[in-house]
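Chemist: My file is final.txt. It has compact mmCIF, C-alpha atoms and all ligand atoms:
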```
# COMPACT_ATOMS: atom_id res chain seq x y z
CA MET Z 50 -18.17 -17.63 23.06
CA SER Z 51 -17.81 -14.13 21.68
CA ASN Z 52 -14.76 -11.92 21.46
CA THR Z 53 -14.54 -8.20 20.87
CA VAL Z 54 -12.71 -6.24 18.19
CA LYS Z 55 -12.17 -2.51 18.46
CA VAL Z 56 -12.21 -0.72 15.11
CA ALA Z 57 -11.29 2.94 14.70
CA VAL Z 58 -12.51 4.87 11.67
CA THR Z 59 -11.12 8.35 11.05
CA GLY Z 60 -13.11 10.74 8.90
CA ALA Z 61 -16.17 8.80 10.06
CA GLY Z 62 -18.36 11.84 9.41
CA GLY Z 63 -17.44 11.92 5.72
CA GLN Z 64 -19.12 10.18 2.82
CA ILE Z 65 -17.02 7.00 2.87
CA GLY Z 66 -17.47 6.85 6.64
CA TYR Z 67 -21.24 6.92 6.24
CA SER Z 68 -21.14 3.88 3.95
CA LEU Z 69 -18.57 2.06 6.06
CA VAL Z 70 -19.49 2.15 9.72
CA PHE Z 71 -22.91 0.49 9.45
CA ARG Z 72 -21.45 -2.48 7.63
CA ILE Z 73 -18.71 -2.88 10.25
CA ALA Z 74 -21.27 -2.64 13.05
CA SER Z 75 -23.64 -5.12 11.37
CA GLY Z 76 -21.27 -8.04 11.89
CA GLU Z 77 -20.46 -8.37 8.20
CA LEU Z 78 -16.76 -7.81 8.75
CA PHE Z 79 -15.92 -10.04 11.71
CA GLY Z 80 -18.90 -12.38 11.76
CA PRO Z 81 -21.91 -12.84 14.04
CA ASP Z 82 -19.89 -14.13 17.01
CA THR Z 83 -17.59 -11.12 17.30
CA LYS Z 84 -18.67 -7.95 19.04
CA VAL Z 85 -17.42 -4.67 17.62
CA VAL Z 86 -16.57 -1.49 19.48
CA LEU Z 87 -16.50 1.40 17.01
CA SER Z 88 -14.16 4.29 17.70
CA LEU Z 89 -15.24 7.16 15.44
CA LEU Z 90 -12.83 10.03 14.87
CA GLU Z 91 -13.34 13.41 13.27
CA ILE Z 92 -11.97 16.93 13.37
CA PRO Z 93 -13.52 18.93 16.25
CA GLN Z 94 -15.98 20.79 13.96
CA ALA Z 95 -17.45 17.48 12.78
CA VAL Z 96 -17.86 15.79 16.16
CA LYS Z 97 -21.47 16.93 16.37
CA ALA Z 98 -22.20 15.08 13.14
CA LEU Z 99 -20.69 11.95 14.69
CA GLU Z 100 -23.20 12.20 17.52
CA GLY Z 101 -25.94 11.93 14.90
CA LEU Z 102 -24.16 9.01 13.27
CA ALA Z 103 -23.92 7.27 16.66
CA MET Z 104 -27.68 7.72 17.16
CA GLU Z 105 -28.35 6.10 13.79
CA LEU Z 106 -26.02 3.23 14.66
CA GLN Z 107 -27.89 2.72 17.94
CA ASP Z 108 -31.17 2.75 16.05
CA CYS Z 109 -30.04 -0.14 13.88
CA ALA Z 110 -30.01 -2.32 17.03
CA PHE Z 111 -27.09 -4.34 15.68
CA GLU Z 112 -26.51 -7.22 18.07
CA THR Z 113 -22.81 -7.25 17.21
CA LEU Z 114 -22.25 -3.59 18.15
CA ALA Z 115 -20.88 -3.49 21.69
CA GLY Z 116 -20.06 0.21 21.97
CA ILE Z 117 -19.45 3.50 20.20
CA GLU Z 118 -16.76 6.02 21.11
CA ILE Z 119 -16.48 9.48 19.60
CA ASN Z 120 -13.24 11.43 19.60
CA SER Z 121 -11.40 14.22 17.90
CA ASP Z 122 -8.18 13.25 19.67
CA ALA Z 123 -6.32 10.37 18.02
CA GLN Z 124 -4.53 9.40 21.25
CA ALA Z 125 -7.88 8.69 22.88
CA GLY Z 126 -9.50 7.26 19.76
CA PHE Z 127 -6.76 4.72 19.04
CA ASP Z 128 -6.49 3.42 22.59
CA GLY Z 129 -6.59 -0.38 22.37
CA VAL Z 130 -7.69 -0.56 18.71
CA ASN Z 131 -7.26 -3.77 16.77
CA TRP Z 132 -7.98 -2.24 13.37
CA ALA Z 133 -7.53 1.42 12.43
CA ILE Z 134 -9.13 2.44 9.14
CA LEU Z 135 -7.73 5.85 8.30
CA VAL Z 136 -10.17 7.49 5.91
CA GLY Z 137 -10.02 11.08 7.14
CA ALA Z 138 -8.06 13.44 4.92
CA LYS Z 139 -8.62 16.73 3.17
CA PRO Z 140 -9.95 16.43 -0.37
CA ARG Z 141 -8.00 17.86 -3.27
CA GLY Z 142 -9.22 21.41 -3.83
CA PRO Z 143 -9.59 23.20 -7.19
CA GLY Z 144 -6.25 23.89 -8.85
CA MET Z 145 -4.41 21.91 -6.19
CA GLU Z 146 -1.44 19.88 -7.39
CA ARG Z 147 -0.93 16.34 -6.10
CA LYS Z 148 2.24 17.63 -4.39
CA ASP Z 149 0.17 20.23 -2.46
CA LEU Z 150 -2.29 17.54 -1.39
CA ILE Z 151 0.58 15.42 -0.10
CA SER Z 152 1.98 18.35 1.89
CA GLU Z 153 -1.48 19.24 3.27
CA ASN Z 154 -2.45 15.74 4.37
CA GLY Z 155 0.96 14.43 5.46
CA PRO Z 156 0.94 16.05 8.93
CA ILE Z 157 -2.40 14.37 9.79
CA PHE Z 158 -0.63 11.03 9.54
CA THR Z 159 2.37 11.92 11.71
CA GLY Z 160 0.05 12.55 14.67
CA GLN Z 161 -2.10 9.53 13.92
CA GLY Z 162 0.98 7.32 13.48
CA LYS Z 163 2.23 8.32 16.93
CA ALA Z 164 -1.19 7.71 18.44
CA LEU Z 165 -1.38 4.25 16.87
CA GLN Z 166 1.28 3.15 19.33
CA ARG Z 167 -1.63 3.02 21.77
CA GLY Z 168 -3.30 0.34 19.69
CA ALA Z 169 -3.61 -3.28 20.80
CA ALA Z 170 -0.60 -5.59 20.45
CA ASP Z 171 -2.09 -7.00 17.25
CA MET Z 172 -3.08 -3.56 15.86
CA ARG Z 173 -3.33 -3.27 12.08
CA CYS Z 174 -3.88 -0.13 10.10
CA VAL Z 175 -5.16 0.54 6.59
CA VAL Z 176 -4.95 3.98 5.05
CA VAL Z 177 -7.69 4.98 2.61
CA GLY Z 178 -7.24 8.79 2.71
CA ASN Z 179 -5.19 10.03 -0.21
CA PRO Z 180 -2.40 9.91 -1.16
CA CYS Z 181 -2.88 6.63 0.69
CA ASN Z 182 0.45 4.88 0.00
CA THR Z 183 2.50 7.84 1.17
CA ASN Z 184 0.18 8.58 4.09
CA ALA Z 185 0.63 4.96 5.23
CA LEU Z 186 4.40 5.42 5.01
CA ILE Z 187 4.18 8.53 7.19
CA ALA Z 188 1.96 6.81 9.76
CA ALA Z 189 4.24 3.76 9.91
CA LYS Z 190 7.42 5.83 10.28
CA ASN Z 191 5.90 7.75 13.19
CA ALA Z 192 4.53 4.70 14.98
CA GLY Z 193 7.62 3.84 17.03
CA ASP Z 194 7.92 0.12 17.67
CA VAL Z 195 4.75 -0.92 15.87
CA PRO Z 196 5.98 -3.39 13.22
CA PHE Z 197 6.13 -1.89 9.72
CA ASN Z 198 4.11 -4.74 8.23
CA ARG Z 199 1.05 -3.77 10.30
CA PHE Z 200 0.53 -0.84 7.91
CA SER Z 201 -1.10 -0.99 4.52
CA ALA Z 202 -2.85 1.25 2.03
CA MET Z 203 -5.95 0.43 0.04
CA THR Z 204 -5.80 -0.55 -3.63
CA MET Z 205 -8.73 -2.94 -3.37
CA LEU Z 206 -11.12 -0.52 -5.04
CA ASP Z 207 -8.79 -0.47 -8.04
CA GLU Z 208 -8.68 -4.27 -8.04
CA ASN Z 209 -12.47 -4.51 -7.92
CA ARG Z 210 -12.77 -1.97 -10.71
CA ALA Z 211 -10.29 -3.93 -12.83
CA ARG Z 212 -12.06 -7.24 -12.22
CA TYR Z 213 -15.36 -5.74 -13.29
CA GLN Z 214 -13.88 -4.35 -16.50
CA LEU Z 215 -12.34 -7.72 -17.45
CA ALA Z 216 -15.54 -9.62 -16.64
CA ALA Z 217 -17.65 -7.20 -18.68
CA LYS Z 218 -15.30 -7.35 -21.66
CA ALA Z 219 -15.13 -11.16 -21.56
CA GLY Z 220 -18.90 -11.43 -21.00
CA VAL Z 221 -18.45 -13.66 -17.94
CA ASP Z 222 -19.57 -13.60 -14.34
CA ILE Z 223 -17.22 -11.57 -12.17
CA SER Z 224 -16.50 -14.62 -10.01
CA GLN Z 225 -14.54 -15.99 -12.99
CA VAL Z 226 -11.93 -13.21 -12.79
CA ARG Z 227 -9.13 -14.08 -10.40
CA ASN Z 228 -5.46 -13.26 -9.77
CA MET Z 229 -5.90 -9.55 -10.47
CA THR Z 230 -3.05 -7.44 -9.19
CA ILE Z 231 -2.82 -3.70 -8.86
CA TRP Z 232 0.87 -2.84 -8.71
CA GLY Z 233 2.30 0.32 -7.18
CA ASN Z 234 0.62 3.54 -6.24
CA HIS Z 235 -3.10 4.20 -5.78
CA SER Z 236 -2.94 6.89 -8.44
CA ALA Z 237 -3.09 7.25 -12.19
CA THR Z 238 0.29 5.46 -12.45
CA GLN Z 239 -1.03 2.22 -10.93
CA TYR Z 240 -0.56 -0.85 -13.09
CA PRO Z 241 -3.59 -3.19 -13.30
CA ASP Z 242 -1.88 -6.40 -14.35
CA PHE Z 243 -4.01 -8.20 -16.92
CA PHE Z 244 -1.07 -10.40 -18.02
CA ASN Z 245 -1.14 -12.40 -14.78
CA ALA Z 246 -4.93 -12.25 -14.30
CA THR Z 247 -7.08 -15.28 -15.04
CA ILE Z 248 -10.61 -15.66 -16.39
CA GLY Z 249 -12.30 -19.01 -15.77
CA GLY Z 250 -8.89 -20.47 -14.93
CA LYS Z 251 -7.33 -19.40 -18.24
CA LYS Z 252 -4.94 -16.53 -18.88
CA ALA Z 253 -6.96 -13.32 -19.34
CA THR Z 254 -4.93 -12.60 -22.48
CA ASP Z 255 -6.13 -15.89 -24.00
CA VAL Z 256 -9.78 -15.14 -23.19
CA ILE Z 257 -9.72 -11.48 -24.22
CA THR Z 258 -7.97 -11.45 -27.56
CA ASP Z 259 -8.32 -7.69 -28.05
CA HIS Z 260 -4.87 -6.95 -26.64
CA GLU Z 261 -4.98 -3.38 -27.85
CA TRP Z 262 -7.96 -2.85 -25.51
CA LEU Z 263 -6.13 -4.51 -22.61
CA GLN Z 264 -3.01 -2.42 -23.04
CA GLY Z 265 -4.88 0.82 -23.65
CA GLU Z 266 -8.49 1.41 -22.70
CA PHE Z 267 -8.62 -1.20 -19.93
CA ILE Z 268 -5.69 0.32 -18.05
CA THR Z 269 -6.80 3.91 -18.48
CA THR Z 270 -10.40 3.08 -17.51
CA VAL Z 271 -9.20 1.59 -14.21
CA GLN Z 272 -6.69 4.37 -13.60
CA LYS Z 273 -9.25 7.10 -14.27
CA ARG Z 274 -12.37 5.47 -12.86
CA GLY Z 275 -12.35 7.76 -9.82
CA ALA Z 276 -12.44 10.85 -12.04
CA ALA Z 277 -15.19 9.33 -14.22
CA ILE Z 278 -17.33 8.79 -11.11
CA ILE Z 279 -16.79 12.37 -9.95
CA SER Z 280 -17.80 13.68 -13.35
CA ALA Z 281 -20.96 11.51 -13.46
CA ARG Z 282 -22.04 11.67 -9.80
CA GLY Z 283 -20.68 15.06 -8.85
CA LYS Z 284 -19.01 13.42 -5.84
CA SER Z 285 -16.15 10.97 -5.46
CA SER Z 286 -16.64 7.23 -4.96
CA ALA Z 287 -18.01 6.48 -1.53
CA ALA Z 288 -19.99 3.24 -1.22
CA SER Z 289 -17.61 1.39 -3.54
CA ALA Z 290 -14.65 2.74 -1.54
CA ALA Z 291 -16.24 1.64 1.73
CA ASN Z 292 -16.96 -1.77 0.19
CA ALA Z 293 -13.32 -2.07 -0.84
CA ALA Z 294 -12.15 -1.13 2.68
CA LEU Z 295 -14.25 -4.02 4.03
CA ASP Z 296 -12.79 -6.35 1.38
CA HIS Z 297 -9.30 -5.17 2.38
CA VAL Z 298 -9.80 -6.01 6.06
CA LYS Z 299 -11.48 -9.33 5.20
CA ASN Z 300 -8.55 -10.22 2.95
CA PHE Z 301 -6.06 -9.65 5.76
CA THR Z 302 -8.09 -11.49 8.39
CA ARG Z 303 -8.99 -14.67 6.48
CA PRO Z 304 -6.76 -17.16 4.65
CA THR Z 305 -6.73 -16.44 0.92
CA GLU Z 306 -8.49 -19.00 -1.26
CA ASP Z 307 -6.23 -21.53 -2.97
CA GLY Z 308 -4.69 -20.29 -6.19
CA ASN Z 309 -5.84 -16.70 -5.75
CA TRP Z 310 -4.39 -13.50 -4.32
CA PHE Z 311 -5.46 -9.94 -3.55
CA SER Z 312 -3.94 -6.49 -3.90
CA ALA Z 313 -2.90 -4.12 -1.16
CA ALA Z 314 -0.07 -1.65 -0.72
CA VAL Z 315 2.35 -2.92 1.92
CA PRO Z 316 5.99 -2.22 2.80
CA SER Z 317 8.21 -3.58 0.02
CA ASP Z 318 10.75 -6.21 1.04
CA GLY Z 319 12.58 -5.70 -2.25
CA SER Z 320 10.35 -8.12 -4.19
CA TYR Z 321 10.13 -7.49 -7.94
CA GLY Z 322 12.93 -4.94 -7.71
CA VAL Z 323 10.80 -2.48 -5.71
CA GLU Z 324 12.93 -0.49 -3.28
CA GLU Z 325 12.67 -1.89 0.22
CA GLY Z 326 10.46 0.21 2.48
CA LEU Z 327 8.26 1.83 -0.16
CA ILE Z 328 4.55 1.22 0.45
CA PHE Z 329 3.79 -0.46 -2.86
CA SER Z 330 0.78 -2.45 -4.00
CA PHE Z 331 1.61 -6.13 -4.56
CA PRO Z 332 -0.22 -9.43 -5.00
CA LEU Z 333 -0.62 -10.85 -1.48
CA ARG Z 334 -1.79 -14.00 0.23
CA THR Z 335 -2.89 -14.28 3.83
CA LYS Z 336 -1.71 -17.48 5.49
CA GLU Z 337 -3.49 -19.69 8.03
CA ASP Z 338 -1.52 -18.08 10.88
CA GLY Z 339 -2.83 -14.62 9.91
CA SER Z 340 0.45 -13.31 8.46
CA TYR Z 341 0.67 -12.36 4.80
CA GLU Z 342 3.21 -12.92 2.06
CA ILE Z 343 3.95 -11.24 -1.24
CA VAL Z 344 3.23 -13.67 -4.09
CA GLN Z 345 6.51 -14.41 -5.82
CA GLY Z 346 7.49 -15.47 -9.31
CA LEU Z 347 5.05 -13.53 -11.49
CA ALA Z 348 6.53 -12.68 -14.86
CA HIS Z 349 6.75 -9.13 -16.16
CA ASN Z 350 7.50 -8.39 -19.80
CA ASP Z 351 8.94 -5.08 -21.03
CA PHE Z 352 5.50 -3.45 -21.13
CA ALA Z 353 4.89 -4.35 -17.48
CA GLN Z 354 8.42 -3.44 -16.39
CA GLU Z 355 7.95 0.04 -17.78
CA LYS Z 356 4.66 0.47 -15.87
CA LEU Z 357 6.23 -0.81 -12.63
CA ALA Z 358 9.16 1.57 -12.99
CA LYS Z 359 6.86 4.54 -13.57
CA THR Z 360 4.67 3.93 -10.53
CA GLN Z 361 7.71 3.22 -8.37
CA GLU Z 362 9.28 6.48 -9.49
CA GLU Z 363 6.13 8.39 -8.54
CA LEU Z 364 6.17 6.86 -5.05
CA LYS Z 365 9.80 7.87 -4.60
CA GLN Z 366 8.91 11.42 -5.60
CA GLU Z 367 6.02 11.49 -3.11
CA ARG Z 368 8.36 10.22 -0.40
CA GLU Z 369 10.76 13.03 -1.23
CA VAL Z 370 8.00 15.63 -0.73
CA VAL Z 371 7.29 14.32 2.80
CA LYS Z 372 10.82 13.39 3.81
CA ASP Z 373 10.72 15.75 6.80
CA LEU Z 374 7.72 13.85 8.18
CA LEU Z 375 9.33 10.40 8.08
P1 LIG Z 401 -15.05 13.42 2.83
O1 LIG Z 401 -14.48 14.78 2.62
O2 LIG Z 401 -16.50 13.17 2.63
O3 LIG Z 401 -14.71 12.93 4.32
C1 LIG Z 401 -13.45 13.06 4.87
C2 LIG Z 401 -13.66 13.29 6.34
O4 LIG Z 401 -12.39 13.27 6.98
C3 LIG Z 401 -14.29 14.67 6.64
O5 LIG Z 401 -15.48 14.47 7.38
C4 LIG Z 401 -13.21 15.39 7.45
O6 LIG Z 401 -13.76 16.21 8.46
C5 LIG Z 401 -12.44 14.22 8.02
N1 LIG Z 401 -11.07 14.53 8.46
C6 LIG Z 401 -10.18 15.37 7.88
N2 LIG Z 401 -9.06 15.43 8.61
C7 LIG Z 401 -9.23 14.58 9.66
C8 LIG Z 401 -8.44 14.21 10.77
N3 LIG Z 401 -7.23 14.72 10.96
N4 LIG Z 401 -8.93 13.30 11.65
C9 LIG Z 401 -10.17 12.79 11.48
N5 LIG Z 401 -10.98 13.11 10.45
C10 LIG Z 401 -10.51 13.99 9.55
O7 LIG Z 401 -14.16 12.44 1.95
P2 LIG Z 401 -14.44 10.92 1.52
O8 LIG Z 401 -15.16 10.91 0.24
O9 LIG Z 401 -15.02 10.18 2.67
O10 LIG Z 401 -12.95 10.44 1.19
C11 LIG Z 401 -11.99 10.30 2.20
C12 LIG Z 401 -10.62 10.02 1.62
O11 LIG Z 401 -10.64 8.79 0.89
C13 LIG Z 401 -10.12 11.07 0.65
O12 LIG Z 401 -8.75 11.34 0.95
C14 LIG Z 401 -10.22 10.37 -0.69
O13 LIG Z 401 -9.31 10.90 -1.63
C15 LIG Z 401 -9.89 8.97 -0.30
N6 LIG Z 401 -10.26 7.91 -1.25
C16 LIG Z 401 -9.43 6.87 -1.37
C17 LIG Z 401 -9.70 5.79 -2.19
C18 LIG Z 401 -8.77 4.63 -2.29
O14 LIG Z 401 -9.03 3.77 -3.13
N7 LIG Z 401 -7.69 4.53 -1.53
C19 LIG Z 401 -10.92 5.78 -3.02
C20 LIG Z 401 -11.99 6.70 -2.53
C21 LIG Z 401 -11.51 8.01 -2.00
O15 LIG Z 401 -11.30 8.87 -3.07
```
Mind converting the file's structure to structure tokens?
Ligand code: NAX

Modeler:
Amino acid sequence: MSNTVKVAVTGAGGQIGYSLVFRIASGELFGPDTKVVLSLLEIPQAVKALEGLAMELQDCAFETLAGIEINSDAQAGFDGVNWAILVGAKPRGPGMERKDLISENGPIFTGQGKALQRGAADMRCVVVGNPCNTNALIAAKNAGDVPFNRFSAMTMLDENRARYQLAAKAGVDISQVRNMTIWGNHSATQYPDFFNATIGGKKATDVITDHEWLQGEFITTVQKRGAAIISARGKSSAASAANAALDHVKNFTRPTEDGNWFSAAVPSDGSYGVEEGLIFSFPLRTKEDGSYEIVQGLAHNDFAQEKLAKTQEELKQEREVVKDLL
């Protein structure tokens, strides 16, 4: 028996889109027994490029790909979607402040939020386009009766980056690094929490004894990895971002392995003193019934508390910039 999942990808003509849609269509995301209908969205000028992308998808002859729709209108593109992956956003231009980027991209997500009301009853949405936490907040606040907890923003790339750094430093296989949390905003204020991470089942701080590195270079490397990739590659992260988007959806659609958790930015319920309603990255677990919960009871010392406060403050400031769109 096969069922069908409809997945919308905005900004599908961009560089992350190009790395993402083939992997969704291939069956990697929902397995070999689930058919996928891809709904590709772009701005009108880029629709032609999507026609080329659709031809390439057809030429892969994926047996799990049941259909391709192309739209520049979100109302049409989100009709009946089960998963909406919102990648499309304008990049930060030269000399542009983060505040300007927020003001530029915010309005995209009011329209898309409204259109997401046309999604399926079980619709879920992940925002990748930056500033992703605040864009997710805008989409959620404009989505009428769609439950708030259906919206999330992606911090999985940050988690994967952090896990790699810890594994490399400890000289172990990456599969040994577990319980890695990215707290807060997907920005340079994010807090990659090495205190609660584990390596080979032991506390990361017991395995990596260079605590100066953990508190300094490790955090800044993760926070600034995106900029380092731009400076080396001349373009921002694309395949790794697409890979993280797949990990994000997999994490929300499969029960989390025992003893582990994953990071994603979701509406705060007040856990860890984070103001209710902010879209904040937390440690999460997906339960057997498909719902998720924020992992409770992790300890934060003064160092961590300061980092959490800083990233929370930045999210409040971003919310202030877009308050007219909420
Ligand atoms: P590109 O500029 O290659 O592609 C973006 C695409 O979105 C373009 O084709 C553009 O035409 C389209 N677009 C713009 N407005 C749209 C709209 N209203 N509806 C539909 N499509 C629209 O950027 P790319 O490298 O693919 O990055 C996309 C976004 O991901 C950026 O905002 C980027 O900052 C963000 N990222 C987020 C990451 C995360 O971890 N959350 C990491 C990677 C990436 O930097």

Chemist: Write out as a list in words each polymer residue (protein, DNA or RNA) that has an atom no more than 6 Å from ligand LIG 401 (chain Z), with all atoms listed in the file counted.

Modeler: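 Checked against 6 Å with all atoms listed in the file; the hits are Thr59, Gly60, Gly62, Gly63, Gln64, Ile65, Gly66, Leu90, Glu91, Ile92, Ala95, Val136, Gly137, Ala138, Lys139, Pro140, Ile157, Val177, Gly178, Asn179, Cys181, Met203, Thr204, Leu206, Ser285, Ser286, Ala287 and Ala290 of chain Z.
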
Chemist: Store the residues picked out above in a file with C-alpha atoms, as a PDB file, in the frame of the given file.

Modeler:
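Output saved as result38.pdb:
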```pdb
ATOM      1  CA  THR Z  59     -11.120   8.350  11.050  1.00  0.00           C
ATOM      2  CA  GLY Z  60     -13.110  10.740   8.900  1.00  0.00           C
ATOM      3  CA  GLY Z  62     -18.360  11.840   9.410  1.00  0.00           C
ATOM      4  CA  GLY Z  63     -17.440  11.920   5.720  1.00  0.00           C
ATOM      5  CA  GLN Z  64     -19.120  10.180   2.820  1.00  0.00           C
ATOM      6  CA  ILE Z  65     -17.020   7.000   2.870  1.00  0.00           C
ATOM      7  CA  GLY Z  66     -17.470   6.850   6.640  1.00  0.00           C
ATOM      8  CA  LEU Z  90     -12.830  10.030  14.870  1.00  0.00           C
ATOM      9  CA  GLU Z  91     -13.340  13.410  13.270  1.00  0.00           C
ATOM     10  CA  ILE Z  92     -11.970  16.930  13.370  1.00  0.00           C
ATOM     11  CA  ALA Z  95     -17.450  17.480  12.780  1.00  0.00           C
ATOM     12  CA  VAL Z 136     -10.170   7.490   5.910  1.00  0.00           C
ATOM     13  CA  GLY Z 137     -10.020  11.080   7.140  1.00  0.00           C
ATOM     14  CA  ALA Z 138      -8.060  13.440   4.920  1.00  0.00           C
ATOM     15  CA  LYS Z 139      -8.620  16.730   3.170  1.00  0.00           C
ATOM     16  CA  PRO Z 140      -9.950  16.430  -0.370  1.00  0.00           C
ATOM     17  CA  ILE Z 157      -2.400  14.370   9.790  1.00  0.00           C
ATOM     18  CA  VAL Z 177      -7.690   4.980   2.610  1.00  0.00           C
ATOM     19  CA  GLY Z 178      -7.240   8.790   2.710  1.00  0.00           C
ATOM     20  CA  ASN Z 179      -5.190  10.030  -0.210  1.00  0.00           C
ATOM     21  CA  CYS Z 181      -2.880   6.630   0.690  1.00  0.00           C
ATOM     22  CA  MET Z 203      -5.950   0.430   0.040  1.00  0.00           C
ATOM     23  CA  THR Z 204      -5.800  -0.550  -3.630  1.00  0.00           C
ATOM     24  CA  LEU Z 206     -11.120  -0.520  -5.040  1.00  0.00           C
ATOM     25  CA  SER Z 285     -16.150  10.970  -5.460  1.00  0.00           C
ATOM     26  CA  SER Z 286     -16.640   7.230  -4.960  1.00  0.00           C
ATOM     27  CA  ALA Z 287     -18.010   6.480  -1.530  1.00  0.00           C
ATOM     28  CA  ALA Z 290     -14.650   2.740  -1.540  1.00  0.00           C
TER      29      ALA Z 290
END
```

Chemist: Take CA of Ser75 (chain Z) and CA of Ala293 (chain Z) and report the distance between them in Å, one decimal.

Modeler: 16.3 Å

Chemist: Out of Z:Leu375, Z:Val323, Z:Ala237, Z:Ile343, which residue has the shortest atom-to-atom distance to Ala358 (chain Z) when counting all atoms listed in the file?

Modeler: Z:Val323

Chemist: For Ala185 (chain Z), work out the shell of residues within 12 Å, counting all atoms listed in the file and skipping chain neighbours fewer than 6 positions away, then give it as number ranges by chain.

Modeler: Z: 133-136, 151, 154-159, 161-162, 165, 173-179, 191-192, 197-203, 234-235, 313-316, 326-330, 364, 367-368, 371, 374-375

Chemist: With only C-alpha atoms as the basis for distance, which of Z:Arg303, Z:Met104, Z:Arg141, Z:Gln361 is at the shortest distance from Glu325 (chain Z)?

Modeler: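 Using only C-alpha atoms, the shortest distance to Glu325 (chain Z) belongs to Z:Gln361.
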
Chemist: Just the residues within 12 Å of Gly339 (chain Z), please, counting all atoms listed in the file, with nothing from its chain fewer than 4 positions along; format it as a list of chain:residue names.

Modeler: Z:Asp171, Z:Arg173, Z:Arg199, Z:Val298, Z:Lys299, Z:Asn300, Z:Phe301, Z:Thr302, Z:Arg303, Z:Pro304, Z:Thr305, Z:Arg334, Z:Thr335

Chemist: Using all atoms listed in the file - which residues lie no farther than 6 Å from the point (-5.6, -4.7, -4.0) in the file's frame? Write them as a ChimeraX atom specification.

Modeler: /Z:204-205,208,231,311-313

Chemist: I need the residue nearest Glu324 (chain Z) from this list: Z:Gln225, Z:Val370, Z:Gly233, Z:Phe267. Use all atoms listed in the file for the distance.

Modeler: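 Using all atoms listed in the file, the shortest distance to Glu324 (chain Z) belongs to Z:Gly233.
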
Chemist: Work out how far CA of Trp310 (chain Z) is from CA of Tyr341 (chain Z), in Å to one decimal.

Modeler: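 CA of Trp310 (chain Z) lies at a distance of 10.5 Å from CA of Tyr341 (chain Z).
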
Chemist: Smallest atom-to-atom distance to Arg147 (chain Z): which of Z:Ser236, Z:Gly220, Z:Ala123, Z:Val56, using all atoms listed in the file?

Modeler: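 Of the candidates, the smallest distance to Arg147 (chain Z) is held by Z:Ser236.
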
Chemist: Please provide as number ranges by chain all residues within 10 Å of Thr254 (chain Z), with the sequence filter that same-chain residues fewer than 4 positions apart are discarded (counting only C-alpha atoms).

Modeler: Z: 243-248, 258-260, 263
